[in-house]
Structures are given as structure tokens and as C-alpha cells.
file model09.cif (mmCIF, C-alpha atoms)
data_run
loop_
_atom_site.label_atom_id
_atom_site.label_comp_id
_atom_site.auth_asym_id
_atom_site.auth_seq_id
_atom_site.Cartn_x
_atom_site.Cartn_y
_atom_site.Cartn_z
CA MET K 1 12.77 -43.82 59.72
CA PRO K 2 9.99 -44.23 57.11
CA LYS K 3 6.59 -43.40 58.53
CA THR K 4 3.04 -44.20 57.55
CA SER K 5 1.16 -41.16 56.21
CA LEU K 6 -0.67 -39.05 58.77
CA LYS K 7 -4.00 -39.57 57.02
CA LEU K 8 -3.59 -43.36 56.87
CA SER K 9 -2.55 -43.49 60.54
CA LEU K 10 -5.58 -41.44 61.55
CA GLN K 11 -7.83 -43.66 59.40
CA LYS K 12 -6.40 -46.81 60.98
CA THR K 13 -6.76 -45.46 64.53
CA LEU K 14 -10.29 -44.22 63.88
CA HIS K 15 -11.20 -47.54 62.32
CA MET K 16 -9.86 -49.40 65.36
CA PHE K 17 -11.73 -47.01 67.66
CA VAL K 18 -15.02 -47.64 65.84
CA GLN K 19 -14.38 -51.40 65.98
CA VAL K 20 -13.46 -51.46 69.66
CA LEU K 21 -15.94 -48.87 71.03
CA PRO K 22 -19.09 -51.05 70.89
CA ILE K 23 -17.17 -53.99 72.41
CA ILE K 24 -16.01 -51.83 75.32
CA LEU K 25 -19.48 -50.38 75.85
CA GLY K 26 -21.09 -53.83 75.62
CA MET K 27 -18.51 -55.33 77.96
CA LEU K 28 -18.97 -52.52 80.53
CA LEU K 29 -22.78 -52.78 80.28
CA LEU K 30 -22.81 -56.56 80.83
CA THR K 31 -20.15 -56.39 83.57
CA SER K 32 -22.14 -53.67 85.37
CA LEU K 33 -25.31 -55.76 85.20
CA ALA K 34 -23.52 -58.92 86.38
CA ILE K 35 -21.77 -57.16 89.27
CA THR K 36 -24.98 -55.42 90.36
CA ALA K 37 -27.13 -58.54 90.07
CA PHE K 38 -24.66 -61.08 91.49
CA PRO K 39 -22.13 -59.08 93.54
CA LYS K 40 -20.77 -62.06 95.48
CA ASP K 41 -21.75 -64.96 93.25
CA ILE K 42 -19.29 -64.18 90.44
CA SER K 43 -16.22 -65.33 92.32
CA ALA K 44 -17.99 -68.18 94.08
CA GLY K 45 -19.69 -69.41 90.90
CA PHE K 46 -17.38 -70.10 88.01
CA PHE K 47 -14.17 -69.57 89.99
CA SER K 48 -13.53 -71.79 92.99
CA GLY K 49 -10.75 -69.89 94.79
CA ASN K 50 -8.26 -72.71 94.21
CA PRO K 51 -5.22 -71.13 92.45
CA LEU K 52 -4.62 -73.89 89.90
CA SER K 53 -8.28 -74.45 89.13
CA ASP K 54 -8.91 -70.70 88.80
CA ALA K 55 -5.90 -70.30 86.50
CA ILE K 56 -7.11 -73.17 84.28
CA ARG K 57 -10.63 -71.71 84.09
CA GLY K 58 -9.29 -68.20 83.42
CA ALA K 59 -7.02 -69.53 80.67
CA ALA K 60 -9.91 -71.48 79.13
CA LEU K 61 -12.09 -68.35 79.10
CA GLY K 62 -9.33 -66.24 77.56
CA SER K 63 -8.57 -68.88 74.91
CA ILE K 64 -12.07 -68.94 73.47
CA ALA K 65 -12.56 -65.18 73.76
CA ALA K 66 -11.94 -63.04 70.71
CA GLY K 67 -11.56 -59.31 70.48
CA HIS K 68 -9.22 -56.47 71.24
CA PRO K 69 -6.94 -57.05 74.28
CA LEU K 70 -8.20 -53.73 75.62
CA ALA K 71 -11.49 -55.50 76.37
CA SER K 72 -9.65 -58.23 78.29
CA TYR K 73 -7.97 -55.65 80.56
CA ILE K 74 -11.31 -53.98 81.33
CA LEU K 75 -13.05 -57.32 81.92
CA GLY K 76 -10.13 -58.62 84.01
CA GLY K 77 -9.98 -55.42 86.07
CA GLU K 78 -13.69 -55.48 86.79
CA LEU K 79 -13.62 -59.21 87.62
CA LEU K 80 -10.78 -58.53 90.04
CA SER K 81 -12.86 -55.76 91.68
CA ALA K 82 -15.75 -58.23 91.93
CA GLY K 83 -13.60 -60.64 93.94
CA VAL K 84 -12.27 -63.01 91.28
CA SER K 85 -8.73 -64.17 92.09
CA LEU K 86 -5.64 -62.67 90.46
CA PHE K 87 -4.72 -66.22 89.31
CA ALA K 88 -7.86 -66.40 87.18
CA VAL K 89 -7.65 -62.82 85.91
CA THR K 90 -3.96 -63.11 84.95
CA ALA K 91 -4.54 -66.38 83.10
CA LEU K 92 -7.50 -64.75 81.34
CA ILE K 93 -5.62 -61.69 80.09
CA VAL K 94 -2.51 -63.70 79.10
CA SER K 95 -4.40 -66.40 77.19
CA TRP K 96 -6.63 -63.73 75.57
CA VAL K 97 -3.60 -62.42 73.66
CA THR K 98 -1.48 -65.57 73.32
CA VAL K 99 -4.05 -68.30 72.54
CA GLY K 100 -6.39 -67.82 69.61
CA ILE K 101 -8.93 -70.55 69.01
CA VAL K 102 -10.81 -68.22 66.65
CA GLN K 103 -7.66 -67.31 64.67
CA LEU K 104 -6.35 -70.91 64.67
CA PRO K 105 -7.61 -71.77 61.15
CA ALA K 106 -5.96 -68.64 59.69
CA GLU K 107 -2.71 -69.33 61.57
CA ALA K 108 -2.76 -72.94 60.34
CA ILE K 109 -3.21 -71.80 56.72
CA PHE K 110 -0.34 -69.30 56.80
CA LEU K 111 2.13 -70.92 59.19
CA GLY K 112 1.23 -74.60 59.10
CA LYS K 113 -1.22 -76.77 61.03
CA ARG K 114 1.33 -78.42 63.32
CA PHE K 115 2.98 -75.11 64.17
CA ALA K 116 -0.36 -73.42 64.93
CA VAL K 117 -1.86 -76.24 67.00
CA PHE K 118 1.30 -76.90 69.00
CA ARG K 119 1.92 -73.18 69.61
CA ASN K 120 -1.62 -72.60 70.89
CA ILE K 121 -1.60 -75.66 73.18
CA LEU K 122 1.80 -74.62 74.54
CA ASN K 123 0.57 -71.05 75.11
CA PHE K 124 -2.50 -72.30 76.99
CA PHE K 125 -0.24 -74.05 79.52
CA PHE K 126 2.08 -71.03 79.58
CA ALA K 127 -0.88 -68.81 80.55
CA ILE K 128 -1.53 -71.05 83.58
CA ILE K 129 2.16 -71.15 84.57
CA ILE K 130 2.53 -67.36 84.12
CA ALA K 131 -0.56 -66.75 86.29
CA LEU K 132 0.89 -68.88 89.09
CA LEU K 133 4.34 -67.27 88.76
CA ILE K 134 3.05 -63.70 88.63
CA VAL K 135 0.86 -64.00 91.71
CA THR K 136 3.75 -65.63 93.59
CA THR K 137 6.11 -62.87 92.41
CA MET K 138 3.61 -60.19 93.48
CA GLN K 139 3.36 -61.80 96.92
CA ILE K 140 7.16 -61.78 97.23
CA LEU K 141 7.35 -58.18 95.98
CA ALA K 142 4.69 -57.13 98.48
CA VAL K 143 7.13 -58.01 101.25
CA TRP K 144 9.97 -56.00 99.68
CA LEU K 145 8.18 -53.05 98.15
CA PRO K 146 6.21 -50.44 100.08
CA MET L 1 -0.56 -73.39 45.48
CA THR L 2 -0.19 -69.67 44.90
CA ASP L 3 -1.49 -67.44 47.59
CA PRO L 4 -2.29 -63.93 46.40
CA THR L 5 -1.93 -62.56 49.91
CA THR L 6 1.79 -63.22 49.89
CA ASN L 7 2.30 -60.46 47.33
CA ASN L 8 1.25 -57.74 49.75
CA LYS L 9 4.44 -57.24 51.70
CA HIS L 10 5.55 -54.07 49.95
CA LYS L 11 2.17 -52.39 50.10
CA PRO L 12 1.36 -50.04 52.99
CA GLN L 13 -1.00 -51.48 55.58
CA LYS L 14 -4.53 -50.39 54.78
CA PRO L 15 -7.42 -50.07 57.20
CA GLN L 16 -9.19 -53.38 57.72
CA GLN L 17 -12.57 -54.21 56.25
CA ARG L 18 -15.56 -53.05 58.25
CA SER L 19 -16.91 -55.61 60.69
CA TYR L 20 -20.16 -55.29 62.58
CA GLY L 21 -19.47 -57.98 65.20
CA GLY L 22 -18.84 -55.40 67.94
CA TRP L 23 -22.09 -53.57 67.21
CA TRP L 24 -24.00 -56.85 67.36
CA PHE L 25 -22.36 -57.53 70.72
CA LEU L 26 -23.48 -54.09 71.98
CA ALA L 27 -26.99 -54.71 70.61
CA VAL L 28 -27.17 -58.01 72.51
CA GLY L 29 -26.07 -56.19 75.69
CA LEU L 30 -28.80 -53.58 75.23
CA ILE L 31 -31.43 -56.26 74.55
CA ILE L 32 -30.44 -58.02 77.79
CA TYR L 33 -30.91 -54.69 79.62
CA ILE L 34 -34.37 -54.20 78.05
CA ILE L 35 -35.46 -57.74 78.94
CA THR L 36 -34.12 -57.35 82.51
CA ALA L 37 -35.94 -54.00 82.84
CA LEU L 38 -39.24 -55.77 82.13
CA PHE L 39 -38.72 -57.86 85.28
CA ASP L 40 -36.64 -55.61 87.55
CA ARG L 41 -36.47 -51.92 86.69
CA ASN L 42 -34.50 -51.00 89.82
CA LEU L 43 -31.75 -53.49 89.02
CA VAL L 44 -31.31 -51.95 85.55
CA LEU L 45 -31.24 -48.41 86.98
CA THR L 46 -28.61 -49.43 89.53
CA SER L 47 -26.60 -51.15 86.78
CA ILE L 48 -26.76 -48.04 84.56
CA ASP L 49 -25.55 -45.97 87.48
CA PHE L 50 -22.66 -48.43 88.02
CA PHE L 51 -21.95 -48.39 84.26
CA SER L 52 -21.78 -44.54 84.24
CA GLY L 53 -19.26 -44.63 87.06
CA LEU L 54 -17.12 -47.21 85.24
CA LEU L 55 -17.29 -45.26 81.98
CA GLY L 56 -16.25 -42.04 83.71
CA LYS L 57 -13.16 -43.78 85.07
CA VAL L 58 -12.23 -45.60 81.87
CA VAL L 59 -12.74 -42.84 79.25
CA PRO L 60 -9.67 -40.70 80.14
CA VAL L 61 -7.44 -43.79 80.04
CA LEU L 62 -8.96 -44.85 76.71
CA LEU L 63 -8.22 -41.42 75.22
CA LEU L 64 -4.58 -41.81 76.21
CA VAL L 65 -4.52 -45.37 74.81
CA PHE L 66 -5.90 -44.32 71.43
CA GLY L 67 -3.44 -41.40 71.30
CA LEU L 68 -0.61 -43.92 71.74
CA ILE L 69 -2.13 -46.29 69.17
CA PHE L 70 -2.17 -43.40 66.69
CA LEU L 71 1.52 -42.68 67.34
CA PHE L 72 2.37 -46.37 66.85
CA ASN L 73 0.38 -46.49 63.62
CA TYR L 74 2.25 -43.40 62.44
CA PHE L 75 5.79 -44.47 63.30
CA PHE L 76 5.70 -48.25 62.78
CA ASN L 77 4.35 -50.25 59.88
CA PRO L 78 4.84 -53.82 58.58
CA GLN L 79 7.51 -52.69 56.08
CA ILE L 80 9.81 -51.48 58.86
CA ILE L 81 9.39 -54.65 60.93
CA ASN L 82 9.68 -56.82 57.81
CA ARG L 83 13.01 -55.19 56.94
CA TYR L 84 14.59 -55.88 60.33
CA LEU L 85 13.16 -59.36 60.84
CA GLY L 86 14.39 -60.51 57.47
CA ALA L 87 17.89 -60.63 58.95
CA LYS L 88 19.54 -63.94 59.81
CA SER L 89 18.80 -65.17 63.28
CA GLY L 90 21.19 -65.29 66.20
CA PHE L 91 20.93 -63.11 69.27
CA ALA L 92 20.07 -60.06 67.14
CA GLY L 93 17.32 -62.02 65.39
CA TRP L 94 15.73 -63.02 68.69
CA LEU L 95 15.97 -59.46 70.00
CA LEU L 96 14.44 -58.07 66.81
CA ALA L 97 11.67 -60.68 66.89
CA ILE L 98 10.78 -59.59 70.45
CA ILE L 99 10.91 -55.88 69.61
CA GLY L 100 9.03 -56.44 66.34
CA GLY L 101 6.30 -58.40 68.14
CA ILE L 102 5.93 -55.72 70.80
CA LEU L 103 5.77 -52.93 68.22
CA SER L 104 3.40 -54.73 65.86
CA THR L 105 -0.16 -53.43 66.00
CA GLY L 106 -3.44 -54.40 64.36
CA PRO L 107 -5.11 -57.80 63.95
CA VAL L 108 -2.78 -60.80 64.16
CA THR L 109 -4.10 -62.28 60.92
CA ALA L 110 -2.43 -59.44 59.00
CA TRP L 111 0.92 -60.46 60.52
CA TYR L 112 0.54 -64.14 59.58
CA VAL L 113 1.04 -63.08 55.96
CA MET L 114 4.27 -61.25 56.77
CA LEU L 115 5.57 -64.14 58.91
CA ARG L 116 4.85 -66.62 56.15
CA ASP L 117 6.82 -64.45 53.72
CA LEU L 118 9.69 -64.16 56.20
CA ARG L 119 9.72 -67.90 56.87
CA GLN L 120 9.93 -68.55 53.15
CA GLN L 121 12.99 -66.27 53.18
CA GLY L 122 14.63 -68.30 55.95
CA MET L 123 13.16 -67.05 59.21
CA THR L 124 13.11 -69.89 61.75
CA SER L 125 9.91 -71.19 63.36
CA SER L 126 11.44 -70.16 66.71
CA LEU L 127 11.57 -66.52 65.66
CA ALA L 128 8.03 -66.64 64.27
CA ALA L 129 6.84 -68.02 67.62
CA VAL L 130 8.81 -65.38 69.55
CA PHE L 131 7.33 -62.62 67.39
CA LEU L 132 3.75 -63.89 67.87
CA TYR L 133 4.15 -64.33 71.64
CA SER L 134 5.75 -60.92 72.11
CA ARG L 135 2.63 -59.36 70.64
CA ALA L 136 1.10 -60.00 74.08
CA VAL L 137 3.03 -56.96 75.33
CA LYS L 138 0.88 -54.07 74.15
CA LEU L 139 2.76 -50.80 74.73
CA PRO L 140 -0.13 -48.46 73.88
CA LEU L 141 -2.39 -50.32 76.33
CA LEU L 142 0.02 -50.10 79.27
CA PRO L 143 -1.78 -47.07 80.82
CA LEU L 144 -4.99 -49.13 81.00
CA LEU L 145 -3.15 -52.12 82.46
CA ILE L 146 -1.49 -49.86 85.07
CA TYR L 147 -4.85 -48.25 85.86
CA TYR L 148 -6.49 -51.60 86.62
CA PHE L 149 -3.62 -53.67 88.01
CA GLY L 150 -0.96 -51.24 89.17
CA PHE L 151 2.56 -50.39 88.02
CA HIS L 152 4.36 -53.31 89.70
CA TYR L 153 1.98 -55.91 88.30
CA THR L 154 2.34 -54.41 84.80
CA VAL L 155 6.15 -54.55 84.95
CA VAL L 156 6.13 -58.13 86.28
CA LEU L 157 3.62 -59.23 83.62
CA CYS L 158 5.66 -57.68 80.79
CA VAL L 159 8.90 -59.24 82.05
CA TYR L 160 7.27 -62.70 82.23
CA LEU L 161 5.67 -62.30 78.80
CA ILE L 162 9.03 -61.41 77.22
CA GLY L 163 10.77 -64.25 79.10
CA PHE L 164 8.13 -66.77 78.07
CA SER L 165 8.26 -65.57 74.45
CA MET L 166 11.88 -66.79 74.40
CA ILE L 167 11.01 -70.10 76.11
CA ASN L 168 8.19 -70.45 73.59
CA GLY L 169 10.58 -69.88 70.69
CA PHE L 170 13.11 -72.31 72.13
CA ILE L 171 10.57 -75.14 72.60
CA ILE L 172 8.94 -74.60 69.21
CA GLY L 173 12.37 -74.54 67.56
CA ARG L 174 13.14 -77.92 69.14
CA VAL L 175 9.81 -79.56 68.36
CA HIS L 176 8.84 -78.02 65.05
CA PRO L 177 10.92 -78.29 61.86
CA ASP L 178 11.93 -75.03 60.17
CA GLN L 179 9.82 -75.56 57.08
CA ILE L 180 6.50 -74.19 55.97
CA GLU L 181 3.87 -76.92 55.84
CA ASN L 182 1.43 -76.89 52.97
#
call {"tool": "encode", "arguments": {"input": "model09.cif", "output": "C-alpha cells"}}
result
Amino acid sequence: MPKTSLKLSLQKTLHMFVQVLPIILGMLLLTSLAITAFPKDISAGFFSGNPLSDAIRGAALGSIAAGHPLASYILGGELLSAGVSLFAVTALIVSWVTVGIVQLPAEAIFLGKRFAVFRNILNFFFAIIIALLIVTTMQILAVWLP
Amino acid sequence: MTDPTTNNKHKPQKPQQRSYGGWWFLAVGLIIYIITALFDRNLVLTSIDFFSGLLGKVVPVLLLVFGLIFLFNYFFNPQIINRYLGAKSGFAGWLLAIIGGILSTGPVTAWYVMLRDLRQQGMTSSLAAVFLYSRAVKLPLLPLLIYYFGFHYTVVLCVYLIGFSMINGFIIGRVHPDQIEN
């Protein structure tokens, strides 16, 4: 199997690390401040607790967010710890990687406007459906698994 | 219209251009801390304490994640995925689109170029959609996902993402014609 050179792979990984590091640090800093300042208000504020509404809001947040998916896992995990529902967090992390409002112009140029717009709209609804399905599946699994 | 980017498919993937967006984001975070400290020093100290705890938990997982990203960068590149996805579709095409999407790393914009090339060579819009959706499964990031959400959740999420990548491809294949728009 042909491989990329070791030097190029190291360069690429280091480059990605340098790109992602400040985002992770910034995300952790802001999350820490938000959780410390508003420990209970985060879940009660933007997210209502209603599964469908939370999934829609989570998907909307993830759709407009840009950045490495690693940041979405950290943000989602910390939001979950702060009391935000799994519906919202799942929709957030799924739409973060499947819907790209920021990348939409580039996708439209390379793959066609109709394809890009339709795909992103479809993926937005998929993120909501997946969030509802996953939480339901987890609830079912909780009964069967220890 | 000739697009010079379409001539890049045989070149090895090079590191992306430097972007300072992340550093600006960090700078904004630090400025918010400084402004908050002017009004409530204790809140900032408590937040920094909380931040240190979070960082201590996340760093070991991040080291593992970047180790895996390095291995992926070393073993897989666009040329390999390009070679296998250029095949005619059918069950093998769908399977390869899913595997290719999962194994693809780096910014998605780099892959739009490859997909456009492949579509001009006959790849269906369904397979392009399957490939793009499967990118949601990030193998090198699985340790972080497991750390935050648990093993069972991670497995369920990956299964749904792969399943929905096929539904996505099916719907897009029905709705969207298999031609590049320009």
C-alpha cells in the first residue's frame, strides 16, 4: 500500500495540531467561564428540555459552527455535563460534521449548487432524526445492557 | 470554464495554508477573561481552576487522538482513496464510498476537488453524498468520543451515521441528476 512520506505526515499532523490547539484552548476557556458563571442557566436558557425543540436548536448551532469536529466533541461533552440534554448535544455533534453553512459556497462551486443546498438541508433534518433515534436507542439499550 | 484545482489529483496532499482564525478565537477568549476579571476576580479564578481540571482530563486523550491522526496521514492519502472510488458503482462502490469517507482526513474542501474529478469520471451523485456523509465517522477521534459519551453511545452513533450515509446517498440519487452543474 503506497504511503505518504513520514516527514509530510508529521508536517500535516503538526499543522493540524497548531490549527486546532488554540480552538480547543479557547473552547475550554469559554466553556469553563460559562459553566462557572451560569451553572444551571445553560440548560434552562437556550435549551428548553423538550426533545424535538432541543434537537432542532442543537442542529442549528452545529450547522453554523465551523471548526475541527474535535472541538464539537469537547463542547458537546461539557454541555452534557452542564445539564444540556443528549438530544441537543447529539444533534449538535452530528450537524457539526454533516452540515456546513460555512463550506456551502465551496461545495456549490465544486459539486453544484443544487447538490450542495439539497444535501445540507437534508443533513440538517437527518441530524434531528438521528438525535431522536440515538437517545431512544440508548434508552432501550440501558434496559438490556448492564 | 477551466478550473486549475482539478489538475491536482495526482499530487501528494500538502499541508494546508496557515490560518490564524483559531488564534483569534483564543485571543477573544482571553480578552473576555480579562474584562470579566475587572468586574469579578473570584469568578475568573474559579473558572481558571475549572479550566485546569478540564485540560488535565482532556490532554491525555488528545495525545492519543493526534497519534492516530498521524498514523492516518501516513497510511492513507487522497491518491489511494481516489483509486478505489474511481471504480464503477454497485454494492462495492457504495462500500468503498463509505470506507473512503471514513478514512478521509483533513478539511472537506480538499475533498470537493477529488469528488468533482471522480464525478466527471462517472461517479454518481449518490456515491459523492455517501462519501461526504461518511466523513462524520472520525476514527482517530473515537477515543475522545468514548471519553465524553461512553463506548455504547459511540458505537450507536457510528452505526446510525453509516446507515444514514446510505439513506442520504439513496435520496440524493433519486432527487439529484448525475451530472455536474456549472
call {"tool": "interface_residues", "arguments": {"input": "model09.cif", "of": "chain K", "to": "chain L", "cutoff": "7 Å", "atoms": "all atoms listed in the file", "output": "ChimeraX atom specification"}}
result
/K:3-6,9-13,15,19-20,22-23,25-26,28-30,32-33,36-37,70,73,77,97-98,106-107,110-112,115,130,134,138
call {"tool": "atom_distance", "arguments": {"input": "model09.cif", "atom1": "atom CA of Arg41 of chain L", "atom2": "atom CA of Gly83 of chain K"}}
result
25.5 Å
call {"tool": "closest_residue", "arguments": {"input": "model09.cif", "among": "K:Leu86, K:Glu78, K:Ala59, K:Lys7", "to": "Leu122 of chain K", "atoms": "only C-alpha atoms"}}
result
K:Ala59
call {"tool": "atom_distance", "arguments": {"input": "model09.cif", "atom1": "atom CA of Val59 of chain L", "atom2": "atom CA of Leu103 of chain L"}}
result
23.8 Å
call {"tool": "atom_distance", "arguments": {"input": "model09.cif", "atom1": "atom CA of Pro69 of chain K", "atom2": "atom CA of Ile24 of chain K"}}
result
10.5 Å
call {"tool": "resolve_selection", "arguments": {"input": "model09.cif", "expression": "the PyMOL selection byres ((chain K and resi 45-52) around 12)", "output": "PDB file with C-alpha atoms, in the frame of the given file"}}
result
ATOM      1  CA  PHE K  38     -24.660 -61.080  91.490  1.00  0.00           C
ATOM      2  CA  PRO K  39     -22.130 -59.080  93.540  1.00  0.00           C
ATOM      3  CA  LYS K  40     -20.770 -62.060  95.480  1.00  0.00           C
ATOM      4  CA  ASP K  41     -21.750 -64.960  93.250  1.00  0.00           C
ATOM      5  CA  ILE K  42     -19.290 -64.180  90.440  1.00  0.00           C
ATOM      6  CA  SER K  43     -16.220 -65.330  92.320  1.00  0.00           C
ATOM      7  CA  ALA K  44     -17.990 -68.180  94.080  1.00  0.00           C
ATOM      8  CA  SER K  53      -8.280 -74.450  89.130  1.00  0.00           C
ATOM      9  CA  ASP K  54      -8.910 -70.700  88.800  1.00  0.00           C
ATOM     10  CA  ALA K  55      -5.900 -70.300  86.500  1.00  0.00           C
ATOM     11  CA  ILE K  56      -7.110 -73.170  84.280  1.00  0.00           C
ATOM     12  CA  ARG K  57     -10.630 -71.710  84.090  1.00  0.00           C
ATOM     13  CA  GLY K  58      -9.290 -68.200  83.420  1.00  0.00           C
ATOM     14  CA  ALA K  59      -7.020 -69.530  80.670  1.00  0.00           C
ATOM     15  CA  ALA K  60      -9.910 -71.480  79.130  1.00  0.00           C
ATOM     16  CA  LEU K  61     -12.090 -68.350  79.100  1.00  0.00           C
ATOM     17  CA  LEU K  79     -13.620 -59.210  87.620  1.00  0.00           C
ATOM     18  CA  LEU K  80     -10.780 -58.530  90.040  1.00  0.00           C
ATOM     19  CA  ALA K  82     -15.750 -58.230  91.930  1.00  0.00           C
ATOM     20  CA  GLY K  83     -13.600 -60.640  93.940  1.00  0.00           C
ATOM     21  CA  VAL K  84     -12.270 -63.010  91.280  1.00  0.00           C
ATOM     22  CA  SER K  85      -8.730 -64.170  92.090  1.00  0.00           C
ATOM     23  CA  LEU K  86      -5.640 -62.670  90.460  1.00  0.00           C
ATOM     24  CA  PHE K  87      -4.720 -66.220  89.310  1.00  0.00           C
ATOM     25  CA  ALA K  88      -7.860 -66.400  87.180  1.00  0.00           C
ATOM     26  CA  VAL K  89      -7.650 -62.820  85.910  1.00  0.00           C
ATOM     27  CA  THR K  90      -3.960 -63.110  84.950  1.00  0.00           C
ATOM     28  CA  ALA K  91      -4.540 -66.380  83.100  1.00  0.00           C
ATOM     29  CA  LEU K  92      -7.500 -64.750  81.340  1.00  0.00           C
ATOM     30  CA  PHE K 125      -0.240 -74.050  79.520  1.00  0.00           C
ATOM     31  CA  ALA K 127      -0.880 -68.810  80.550  1.00  0.00           C
ATOM     32  CA  ILE K 128      -1.530 -71.050  83.580  1.00  0.00           C
ATOM     33  CA  ILE K 129       2.160 -71.150  84.570  1.00  0.00           C
ATOM     34  CA  ILE K 130       2.530 -67.360  84.120  1.00  0.00           C
ATOM     35  CA  ALA K 131      -0.560 -66.750  86.290  1.00  0.00           C
ATOM     36  CA  LEU K 132       0.890 -68.880  89.090  1.00  0.00           C
ATOM     37  CA  LEU K 133       4.340 -67.270  88.760  1.00  0.00           C
ATOM     38  CA  ILE K 134       3.050 -63.700  88.630  1.00  0.00           C
ATOM     39  CA  VAL K 135       0.860 -64.000  91.710  1.00  0.00           C
ATOM     40  CA  THR K 136       3.750 -65.630  93.590  1.00  0.00           C
TER      41      THR K 136
END
call {"tool": "axis_aligned_box", "arguments": {"input": "model09.cif", "around": "segment 123-137 of chain L", "padding_each_side": "5 Å", "output": "lines of an AutoDock Vina configuration file"}}
result
center_x = 7.1
center_y = -64.1
center_z = 67.3
size_x = 22.1
size_y = 24.2
size_z = 26.1
call {"tool": "closest_residue", "arguments": {"input": "model09.cif", "among": "K:Ile74, K:His68, K:Val94, K:Thr137", "to": "Phe17 of chain K", "atoms": "all atoms listed in the file"}}
result
K:His68
call {"tool": "decode", "arguments": {"input": "model09.cif", "residues": "segment 160-167 of chain L", "atoms": "all heavy atoms", "output": "mmCIF file, in the first residue's frame"}}
result
data_model
loop_
_atom_site.group_PDB
_atom_site.id
_atom_site.type_symbol
_atom_site.label_atom_id
_atom_site.label_comp_id
_atom_site.auth_asym_id
_atom_site.auth_seq_id
_atom_site.Cartn_x
_atom_site.Cartn_y
_atom_site.Cartn_z
ATOM 1 N N TYR L 160 -25.491 4.572 13.273
ATOM 2 C CA TYR L 160 -26.511 5.449 12.673
ATOM 3 C C TYR L 160 -25.908 6.323 11.577
ATOM 4 O O TYR L 160 -26.539 6.541 10.534
ATOM 5 C CB TYR L 160 -27.167 6.336 13.741
ATOM 6 C CG TYR L 160 -28.354 5.658 14.409
ATOM 7 C CD1 TYR L 160 -28.350 5.371 15.763
ATOM 8 C CD2 TYR L 160 -29.483 5.316 13.666
ATOM 9 C CE1 TYR L 160 -29.432 4.740 16.373
ATOM 10 C CE2 TYR L 160 -30.565 4.690 14.255
ATOM 11 C CZ TYR L 160 -30.532 4.402 15.621
ATOM 12 O OH TYR L 160 -31.611 3.786 16.191
ATOM 13 N N LEU L 161 -24.692 6.825 11.808
ATOM 14 C CA LEU L 161 -24.072 7.702 10.805
ATOM 15 C C LEU L 161 -23.821 6.932 9.505
ATOM 16 O O LEU L 161 -24.080 7.453 8.418
ATOM 17 C CB LEU L 161 -22.763 8.288 11.340
ATOM 18 C CG LEU L 161 -22.914 9.391 12.401
ATOM 19 C CD1 LEU L 161 -21.554 9.799 12.960
ATOM 20 C CD2 LEU L 161 -23.629 10.627 11.835
ATOM 21 N N ILE L 162 -23.371 5.688 9.631
ATOM 22 C CA ILE L 162 -23.127 4.886 8.423
ATOM 23 C C ILE L 162 -24.460 4.551 7.734
ATOM 24 O O ILE L 162 -24.595 4.671 6.516
ATOM 25 C CB ILE L 162 -22.339 3.601 8.774
ATOM 26 C CG1 ILE L 162 -20.908 3.974 9.194
ATOM 27 C CG2 ILE L 162 -22.298 2.636 7.592
ATOM 28 C CD1 ILE L 162 -20.108 2.851 9.813
ATOM 29 N N GLY L 163 -25.457 4.195 8.533
ATOM 30 C CA GLY L 163 -26.787 3.894 7.989
ATOM 31 C C GLY L 163 -27.378 5.106 7.270
ATOM 32 O O GLY L 163 -27.875 4.993 6.136
ATOM 33 N N PHE L 164 -27.277 6.258 7.902
ATOM 34 C CA PHE L 164 -27.850 7.464 7.307
ATOM 35 C C PHE L 164 -27.034 7.950 6.108
ATOM 36 O O PHE L 164 -27.568 8.658 5.265
ATOM 37 C CB PHE L 164 -28.013 8.568 8.361
ATOM 38 C CG PHE L 164 -29.357 8.508 9.032
ATOM 39 C CD1 PHE L 164 -29.591 7.608 10.057
ATOM 40 C CD2 PHE L 164 -30.396 9.328 8.623
ATOM 41 C CE1 PHE L 164 -30.831 7.528 10.669
ATOM 42 C CE2 PHE L 164 -31.643 9.257 9.223
ATOM 43 C CZ PHE L 164 -31.862 8.342 10.255
ATOM 44 N N SER L 165 -25.757 7.566 6.033
ATOM 45 C CA SER L 165 -24.974 7.952 4.850
ATOM 46 C C SER L 165 -25.554 7.243 3.624
ATOM 47 O O SER L 165 -25.615 7.809 2.527
ATOM 48 C CB SER L 165 -23.493 7.612 5.041
ATOM 49 O OG SER L 165 -23.263 6.241 4.875
ATOM 50 N N MET L 166 -26.032 6.004 3.823
ATOM 51 C CA MET L 166 -26.623 5.259 2.702
ATOM 52 C C MET L 166 -27.999 5.827 2.338
ATOM 53 O O MET L 166 -28.326 5.962 1.159
ATOM 54 C CB MET L 166 -26.709 3.766 3.051
ATOM 55 C CG MET L 166 -25.340 3.120 3.118
ATOM 56 S SD MET L 166 -25.377 1.342 3.246
ATOM 57 C CE MET L 166 -25.727 1.091 4.960
ATOM 58 N N ILE L 167 -28.796 6.174 3.375
ATOM 59 C CA ILE L 167 -30.112 6.783 3.104
ATOM 60 C C ILE L 167 -29.909 8.105 2.358
ATOM 61 O O ILE L 167 -30.611 8.430 1.407
ATOM 62 C CB ILE L 167 -30.886 7.010 4.428
ATOM 63 C CG1 ILE L 167 -31.128 5.672 5.123
ATOM 64 C CG2 ILE L 167 -32.204 7.730 4.176
ATOM 65 C CD1 ILE L 167 -31.698 5.801 6.536
#
